[in-house]
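One structure is given below, encoded as structure tokens.
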Amino acid sequence: MAENQIRTIGVLTSGGDAPGMNAAIRSATRRAVSKGIRVKGVLKGYEGLIKDELRDLGDRDVSEIIGRGGTILYSARCKEMLTEEGVLTAVETCRRHEIDGLVVIGGDGSFRGALELSRHGINTIGVPGTIDLDISCTDYTIGFDSAVNTAMRAVDQVRDTSTSHERVSIIEVMGRNAGYIALWSGLAVGAEDVLLPEKYDYDEEQIINQIIDTRRRGKKHHIIINAEGIGHSQAMAKRIEAATGIETRATILGYMQRGGSPTCQDRLYATVMGAKAVDLLAEGKTSRVVAYRQGEFTDLDFEEALKMEKTISEYEVDLVHSLSYSTSVR
């Protein structure tokens, strides 16, 4: 497909929102406009595609959004896209609006929906947007850097009050079943324990013994970073306090990690990825995922990308283990 055959593209954000999505929307829109391509913004992800909720986007519509968190196109999780009927309805909407290509900003679930659309003849390009960093084909996902920095700052603040009251603090961070936010923030704050879904064996007795031992050696606080995929932080805090006699509190950071102004990295990388997605469509490519691998921006086939597996860094896990005061990573 030659560049002049692309007349209209659609842009949507799907799944959980992530800081930097607006930067990608802005970049994709302005890159397309610079090439003489019209842009349709799809509201509420695939739900908006199925319900025909689209709006025109131009230069002015994306002005001054690069530093805003969230997504101006809104987002939603759409169960209908898991059905053949839902996919066909979305395809029909694209054809009705004469959309020649679709930029999908989201995570693995969003990419699976995009893959289905491509199988039905809709040119699609995926841009990885998730704070969880759990997309296997890329070393970077839009929003992770902002989210992990938010978590890091929050843990620093909790540590201050934890020290003042000589208590144990369990801080639960997001990430679904991936432990990247927990691992990175744990390394960055020097947490005594980091509980990762990929590694945790649910041996609370060892954690309790570590807390008692470090308190005996004069440690005034104990920070436990608990990943969302393990959860149950409030109940864990009660059990630890009962076993140790040390005041223990749980803090669940929750959706604050999704919000706020994106970091420089998230703005920059999202901008490059959004533009590259449009470039790929203009070059006649489809069913591709924009990725950042080994220091370079590249693209991969959707099916190949979705088959890849991602594992937590054993070296980083060992590093937290060797550097923590209690020498414990679970």
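Chain labels A, B, ... are given in the sequence in which chains occur in the structure tokens; within each chain residues are numbered consecutively from 1, and ligands are likewise numbered from 1 in the order shown.
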>> Residues within 8 Å of Ala250 (chain A), please, as a list of chain:residue names. Count only C-alpha atoms; anything in the same chain fewer than 4 positions from it doesn't count.
In response: A:Ser169, A:Ile170, A:Ile171, A:Glu172, A:Ser233, A:Gln234, A:Ala237
Please report, as JSON lines, each residue of region 245-280 of chain A lying at most 12 Å from region 199-221 of chain A, together with the nearest pair of atoms and the separation in Å rounded to one decimal; use only C-alpha atoms, and order rows by chain and ascending residue number.
```
{"residue": "A:Gly245", "atom": "CA", "partner": "A:Ile212", "partner_atom": "CA", "distance": 9.3}
{"residue": "A:Ile246", "atom": "CA", "partner": "A:Ile212", "partner_atom": "CA", "distance": 8.8}
{"residue": "A:Glu247", "atom": "CA", "partner": "A:His221", "partner_atom": "CA", "distance": 9.9}
{"residue": "A:Thr248", "atom": "CA", "partner": "A:His221", "partner_atom": "CA", "distance": 9.8}
{"residue": "A:Arg249", "atom": "CA", "partner": "A:His221", "partner_atom": "CA", "distance": 11.3}
```
>> For the structure I just gave you, how does DSSP split region 38-254 of chain A - specifically, which residues are helix (DSSP H, G or I)? Reply as a ChimeraX atom specification.
In response: /A:45-50,60-62,79-82,84-96,108-119,144-164,180-189,204-216,233-244,254
For the residues in the current selection, export C-alpha atoms as an mmCIF file, in the first residue's frame.
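Final file, again18.cif:
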```cif
data_model
loop_
_atom_site.group_PDB
_atom_site.id
_atom_site.type_symbol
_atom_site.label_atom_id
_atom_site.label_comp_id
_atom_site.auth_asym_id
_atom_site.auth_seq_id
_atom_site.Cartn_x
_atom_site.Cartn_y
_atom_site.Cartn_z
ATOM 1 C CA GLY A 45 -11.389 2.028 23.273
ATOM 2 C CA TYR A 46 -13.018 -0.892 21.487
ATOM 3 C CA GLU A 47 -16.320 -0.048 23.142
ATOM 4 C CA GLY A 48 -16.366 3.200 21.185
ATOM 5 C CA LEU A 49 -15.470 1.354 17.990
ATOM 6 C CA ILE A 50 -18.377 -1.029 18.482
ATOM 7 C CA ARG A 60 -5.574 21.947 17.766
ATOM 8 C CA ASP A 61 -7.412 19.028 19.357
ATOM 9 C CA VAL A 62 -4.166 17.586 20.699
ATOM 10 C CA LYS A 79 -15.850 -7.911 26.621
ATOM 11 C CA GLU A 80 -17.694 -7.695 23.300
ATOM 12 C CA MET A 81 -14.344 -7.678 21.480
ATOM 13 C CA LEU A 82 -13.884 -11.228 22.728
ATOM 14 C CA GLU A 84 -16.975 -12.676 16.727
ATOM 15 C CA GLU A 85 -20.041 -10.447 16.656
ATOM 16 C CA GLY A 86 -18.202 -7.665 18.478
ATOM 17 C CA VAL A 87 -15.202 -7.888 16.151
ATOM 18 C CA LEU A 88 -17.415 -7.758 13.052
ATOM 19 C CA THR A 89 -19.263 -4.729 14.414
ATOM 20 C CA ALA A 90 -15.928 -2.961 15.017
ATOM 21 C CA VAL A 91 -14.831 -3.847 11.477
ATOM 22 C CA GLU A 92 -18.026 -2.395 10.071
ATOM 23 C CA THR A 93 -17.494 0.853 11.999
ATOM 24 C CA CYS A 94 -13.991 1.178 10.530
ATOM 25 C CA ARG A 95 -15.318 0.635 7.025
ATOM 26 C CA ARG A 96 -18.213 3.036 7.508
ATOM 27 C CA ASP A 108 -1.659 -7.501 25.499
ATOM 28 C CA GLY A 109 -5.463 -7.698 25.608
ATOM 29 C CA SER A 110 -5.742 -4.663 23.370
ATOM 30 C CA PHE A 111 -3.253 -6.195 20.959
ATOM 31 C CA ARG A 112 -5.275 -9.399 20.714
ATOM 32 C CA GLY A 113 -8.272 -7.318 19.691
ATOM 33 C CA ALA A 114 -6.124 -5.505 17.121
ATOM 34 C CA LEU A 115 -4.907 -8.841 15.764
ATOM 35 C CA GLU A 116 -8.524 -9.959 15.253
ATOM 36 C CA LEU A 117 -9.280 -6.750 13.376
ATOM 37 C CA SER A 118 -6.246 -7.281 11.146
ATOM 38 C CA ARG A 119 -7.457 -10.790 10.346
ATOM 39 C CA PHE A 144 5.751 2.279 33.435
ATOM 40 C CA ASP A 145 8.401 4.892 34.169
ATOM 41 C CA SER A 146 5.824 7.336 35.539
ATOM 42 C CA ALA A 147 4.113 4.667 37.622
ATOM 43 C CA VAL A 148 7.297 3.297 39.157
ATOM 44 C CA ASN A 149 8.481 6.824 40.009
ATOM 45 C CA THR A 150 5.141 7.513 41.696
ATOM 46 C CA ALA A 151 5.515 4.297 43.690
ATOM 47 C CA MET A 152 9.095 5.127 44.629
ATOM 48 C CA ARG A 153 8.188 8.587 45.944
ATOM 49 C CA ALA A 154 5.262 7.177 47.907
ATOM 50 C CA VAL A 155 7.433 4.511 49.549
ATOM 51 C CA ASP A 156 10.004 7.156 50.492
ATOM 52 C CA GLN A 157 7.268 9.092 52.263
ATOM 53 C CA VAL A 158 5.875 6.030 54.020
ATOM 54 C CA ARG A 159 9.382 5.152 55.198
ATOM 55 C CA ASP A 160 9.622 8.502 57.031
ATOM 56 C CA THR A 161 6.519 7.907 59.106
ATOM 57 C CA SER A 162 7.326 4.209 59.501
ATOM 58 C CA THR A 163 10.657 5.136 61.065
ATOM 59 C CA SER A 164 9.039 7.724 63.357
ATOM 60 C CA TYR A 180 8.175 -5.079 37.701
ATOM 61 C CA ILE A 181 6.854 -2.073 39.634
ATOM 62 C CA ALA A 182 7.482 -3.923 42.903
ATOM 63 C CA LEU A 183 10.992 -4.988 41.894
ATOM 64 C CA TRP A 184 12.116 -1.633 40.516
ATOM 65 C CA SER A 185 10.650 0.450 43.326
ATOM 66 C CA GLY A 186 12.013 -2.026 45.877
ATOM 67 C CA LEU A 187 15.508 -1.663 44.463
ATOM 68 C CA ALA A 188 15.169 2.120 44.260
ATOM 69 C CA VAL A 189 14.141 2.582 47.906
ATOM 70 C CA GLU A 204 5.369 -15.701 55.875
ATOM 71 C CA GLU A 205 7.192 -17.317 58.769
ATOM 72 C CA GLN A 206 10.536 -16.475 57.199
ATOM 73 C CA ILE A 207 9.480 -12.833 56.747
ATOM 74 C CA ILE A 208 8.373 -12.699 60.381
ATOM 75 C CA ASN A 209 11.684 -14.156 61.541
ATOM 76 C CA GLN A 210 13.566 -11.581 59.456
ATOM 77 C CA ILE A 211 11.572 -8.749 61.022
ATOM 78 C CA ILE A 212 12.249 -10.021 64.553
ATOM 79 C CA ASP A 213 15.945 -10.475 63.782
ATOM 80 C CA THR A 214 16.413 -7.009 62.265
ATOM 81 C CA ARG A 215 14.545 -5.392 65.153
ATOM 82 C CA ARG A 216 16.816 -7.207 67.585
ATOM 83 C CA SER A 233 -1.753 -6.654 52.306
ATOM 84 C CA GLN A 234 -4.177 -5.706 55.093
ATOM 85 C CA ALA A 235 -4.565 -9.320 56.217
ATOM 86 C CA MET A 236 -0.818 -9.852 55.967
ATOM 87 C CA ALA A 237 -0.214 -6.814 58.176
ATOM 88 C CA LYS A 238 -2.522 -8.183 60.872
ATOM 89 C CA ARG A 239 -0.767 -11.553 60.860
ATOM 90 C CA ILE A 240 2.704 -9.997 61.047
ATOM 91 C CA GLU A 241 1.705 -7.695 63.921
ATOM 92 C CA ALA A 242 0.175 -10.609 65.833
ATOM 93 C CA ALA A 243 3.302 -12.718 65.347
ATOM 94 C CA THR A 244 5.922 -10.042 66.077
ATOM 95 C CA GLY A 254 -3.710 1.839 43.971
#
```
> Using only C-alpha atoms, which of A:Lys285, A:His222, A:Arg26, A:Arg7 sits nearest Asp59 (chain A)?
Replying inline: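 Under the stated criterion, the closest residue is A:Arg26.
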> Quick one: residues within 12 Å of Ala18 (chain A), only C-alpha atoms counted, chain neighbours fewer than 6 positions away excluded, as number ranges by chain?
Replying inline: A: 24, 68-72, 74-75, 105-107, 128-133, 141-148, 175, 255-263, 266-267, 270
Would you export the selected residues with C-alpha atoms as a PDB file, in the first residue's frame, please?
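Output file again23.pdb is given in full below:
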```pdb
ATOM      1  CA  ALA A  24       1.246   9.071  21.863  1.00  0.00           C
ATOM      2  CA  ARG A  68      -1.425  15.393  30.948  1.00  0.00           C
ATOM      3  CA  GLY A  69      -1.993  12.017  32.534  1.00  0.00           C
ATOM      4  CA  GLY A  70      -4.783   9.676  31.498  1.00  0.00           C
ATOM      5  CA  THR A  71      -6.123   9.681  27.948  1.00  0.00           C
ATOM      6  CA  ILE A  72      -8.244  12.323  26.237  1.00  0.00           C
ATOM      7  CA  TYR A  74     -10.897   7.709  27.446  1.00  0.00           C
ATOM      8  CA  SER A  75     -10.507   3.982  27.849  1.00  0.00           C
ATOM      9  CA  ILE A 105      -2.459   2.008  22.220  1.00  0.00           C
ATOM     10  CA  GLY A 106      -2.755  -0.530  25.034  1.00  0.00           C
ATOM     11  CA  GLY A 107      -1.567  -3.835  26.469  1.00  0.00           C
ATOM     12  CA  PRO A 128       2.512  -0.739  23.976  1.00  0.00           C
ATOM     13  CA  GLY A 129       0.787   1.277  26.695  1.00  0.00           C
ATOM     14  CA  THR A 130       0.634  -0.246  30.178  1.00  0.00           C
ATOM     15  CA  ILE A 131       2.152   0.596  33.546  1.00  0.00           C
ATOM     16  CA  ASP A 132       2.753  -3.114  34.175  1.00  0.00           C
ATOM     17  CA  LEU A 133       5.716  -3.524  31.758  1.00  0.00           C
ATOM     18  CA  THR A 141       5.865   0.243  27.783  1.00  0.00           C
ATOM     19  CA  ILE A 142       4.228   3.664  27.950  1.00  0.00           C
ATOM     20  CA  GLY A 143       3.427   4.607  31.553  1.00  0.00           C
ATOM     21  CA  PHE A 144       5.751   2.279  33.435  1.00  0.00           C
ATOM     22  CA  ASP A 145       8.401   4.892  34.169  1.00  0.00           C
ATOM     23  CA  SER A 146       5.824   7.336  35.539  1.00  0.00           C
ATOM     24  CA  ALA A 147       4.113   4.667  37.622  1.00  0.00           C
ATOM     25  CA  VAL A 148       7.297   3.297  39.157  1.00  0.00           C
ATOM     26  CA  GLY A 175       1.240  -4.464  38.206  1.00  0.00           C
ATOM     27  CA  TYR A 255      -4.738   4.078  41.099  1.00  0.00           C
ATOM     28  CA  MET A 256      -2.505   6.984  42.037  1.00  0.00           C
ATOM     29  CA  GLN A 257       0.137   5.086  40.068  1.00  0.00           C
ATOM     30  CA  ARG A 258      -1.900   5.505  36.879  1.00  0.00           C
ATOM     31  CA  GLY A 259      -2.383   9.246  37.248  1.00  0.00           C
ATOM     32  CA  GLY A 260      -0.292  12.373  37.183  1.00  0.00           C
ATOM     33  CA  SER A 261       1.940  14.060  34.657  1.00  0.00           C
ATOM     34  CA  PRO A 262       4.123  11.585  32.718  1.00  0.00           C
ATOM     35  CA  THR A 263       7.894  11.597  33.155  1.00  0.00           C
ATOM     36  CA  ASP A 266       7.266   8.437  28.994  1.00  0.00           C
ATOM     37  CA  ARG A 267       6.643  11.632  27.027  1.00  0.00           C
ATOM     38  CA  ALA A 270       5.416   7.659  23.639  1.00  0.00           C
TER      39      ALA A 270
END
```
> Any idea what the distance is between CA of His120 (chain A) and CA of Ala23 (chain A)?
Replying inline: 28.9 Å
>> Between A:Leu43, A:Leu253, A:Ala275, A:Val317, which residue has the minimum interatomic distance to Arg77 (chain A), considering only C-alpha atoms?
In response: A:Leu43
>> Considering only strand (DSSP E) as DSSP defines it on the backbone, what residues of region 43-195 of chain A qualify? List them as a PyMOL selection string.
In response: chain A and resi 54-57+101-106+124-128+168-173+193-195
> Counting only C-alpha atoms, what is within 7 Å of Thr286 (chain A), bar same-chain residues fewer than 2 positions away, as an MDAnalysis selection string?
Replying inline: chainID A and resid 123:125 281 284 288
Please dump the current selection as an mmCIF file, in the first residue's frame; keep C-alpha atoms.
```
data_model
loop_
_atom_site.group_PDB
_atom_site.id
_atom_site.type_symbol
_atom_site.label_atom_id
_atom_site.label_comp_id
_atom_site.auth_asym_id
_atom_site.auth_seq_id
_atom_site.Cartn_x
_atom_site.Cartn_y
_atom_site.Cartn_z
ATOM 1 C CA ASN A 123 -4.741 -2.464 8.925
ATOM 2 C CA THR A 124 -3.611 -2.238 12.558
ATOM 3 C CA ILE A 125 -0.508 -1.124 14.417
ATOM 4 C CA LEU A 281 0.732 2.443 8.241
ATOM 5 C CA GLY A 284 1.750 -0.093 3.883
ATOM 6 C CA ARG A 288 2.710 -4.866 13.606
#
```
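Note that CA of Thr138 (chain A) and CA of Ser27 (chain A) are 19.5 Å apart.
Considering only C-alpha atoms, the residue among A:Ile230, A:Ile224, A:Leu12, A:Ala191 positioned nearest to Met174 (chain A) is A:Ile230.
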>> Quick check, in Å to one decimal: how far apart do CA of Gly36 (chain A) and CA of Met273 (chain A) lie?
In response: 19.2 Å
> Looking at only C-alpha atoms, which of A:Gly121, A:Gly58, A:Thr271, A:Val194 is the one that sits closest to Ser34 (chain A)?
Replying inline: A:Gly58
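With only C-alpha atoms as the atoms that count, the minimum distance from Thr13 (chain A) to the choices A:Gln294, A:Ile25, A:Thr251, A:Ile135 is reached by A:Ile25.
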>> Restricting the calculation to only C-alpha atoms: of A:Cys78, A:Leu268, A:Val173, A:Ile99, which residue gets closest to Val39 (chain A)?
In response: A:Ile99
